[in-house]
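Structure record follows, encoded as structure tokens.
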Amino acid sequence: MTEGNFVDYVKMHVSSGNGGKGSAHLHREKYIQKGGPDGGDGGRGGHVIVRGNPNLWTLLHLKFKRHIRAGHGSHGSSGRSTGADGEDMYLDVPLGTVIRDTETNNILFEITEEGEEKIVAEGGKGGRGNWHFKSSTNQTPRYAQPGIPLEEKHITLELKVLADVGLVGFPNAGKSTLLSVMTSAKPKIADYEFTTLKPNLGIVEYRDFKSFVMADIPGIIEGAAEGKGLGYYFLRHIERNSILLFLVPADADDIVKQYEVLLDELRRYNPEMLDKERFLLVSKSDLLDDELKAELKVELDKGLNIDYMFMSSVAHQGIQELKDKLWKILND
């Protein structure tokens with residue numbers, strides 16, 4: 001799924017390099033008629049290596065690279081000369097990228113740190129030259145080892161956005177507006193559902209030059225865990241958030257029920273998500289007067305088992321209070 005320059009899912013075929021074969025050369029030099037074996041080893045085939053790069057936030061640069069091939073190792077030669085190693089191929093990916101074997105769907109590894117390197121296809125070892133095989137009973141071996149063949153795989157790269165706070169809610173709940181108010185991000189905002197078609201990240205500036213990262217995840221609908229709407233596709237981005245900030249608009253028919261539906265979709269997708277810190281934000285609260293807020297508080301206190309607060313992004317109500325609350329949860 002892509003919109004603009006955001007790409008978070010790529011499939012490709014990777015192959016390492018063949019190991020070079022060893023040399024079966026026999027030393028020949030003027031005045032030395034039988035110099036014996038001096039064949040060198042073959043070079044190692046190149047690896048295909050996945051490397052974490054914090055300057056990347058999308059897999060766009062790999063979108064059209066369907067085949068990645070590392071270099072082959074060179075053959076050994078005379079004088080015990082070892083062949084050159086094949087050229088390694090590096091795939092730079094954003095932090096939070098999961099690499100899967102496409103055929104088995106098993107997770108091979110995940111890149112989460114800057115500069116972290118993992119070999120996804122290992123180059124073949126070079127064969128040994130004939131000088132390794134000489135002995136008192138076999139002084140002139142005329143054979144050497146071939147190199148080990150290359151390794152090839154079909155892999156899938158999945159990006160899971162790394163953020164401290166993930167915004168979870170139904171379409172048109174006000175997530176993009178909140179992100180635009182609390183950060184310098186400029187997400188697309190409109191008065192219709194599914195305006196957001198890709199995750200958006202923003203840096204929330206806090207007191208004393210401190211900050212944390214907030215992610216706006218495309219809206220989830222009931223049945224998202226079965227593939228309905230866009231939510232199923234982007235649910236994996238929520239897995240890497242430290243705090244799940246649920247947004248339910250104040251004009252919703254039943255705030256508690258909407259929260260429970262969202263929570264149930266996360267549970268059906270991955271039960272471990274329920275272990276994360278959760279906080280409920282009743283957005284668009286500028287639509288409520290004091291009397292309606294008091295009635296809603298009684299209803300929410302009875303039906304919820306998590307903390308909540310009222311706020312309005314448009315009216316800039318409760319912004320600093322929300323920052324304080326999120327910072328406290330993050331650091332507790």
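So you can find residues: chains in the structure tokens are A, B, ... in the order shown, residues in each start at 1, and ligands are numbered from 1 in order.
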Which residues are near Asp101 in chain A? Cut-off 8 Å, only C-alpha atoms, ignore same chain within fewer than 2 positions. Put them as a list in words.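 The filter keeps Ile99, Glu103, Thr104, Asn105, Asn106, Ile107, Leu108, Lys153, His154, Ile155 and Thr156 of chain A.
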Name the residues in contact with range 82-95 of chain A at a cut-off of 7 Å, using only C-alpha atoms, excluding same-chain residues fewer than 4 positions from it; report them as an NGL selection string. :A and (17 or 20 or 40-54 or 56-59 or 70-77 or 111-113)
If you measure from CA of Arg142 in chain A to CA of Arg28 in chain A, what distance in Å do you get, rounded to one decimal?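 Separating CA of Arg142 in chain A from CA of Arg28 in chain A is a distance of 14.0 Å.
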Please return as a VMD selection string: the residues of range 57-177 of chain A that backbone DSSP assigns to strand (DSSP E or B). chain A and resid 67 to 69 77 81 89 to 93 97 to 101 107 to 111 117 to 121 152 to 159 163 to 169
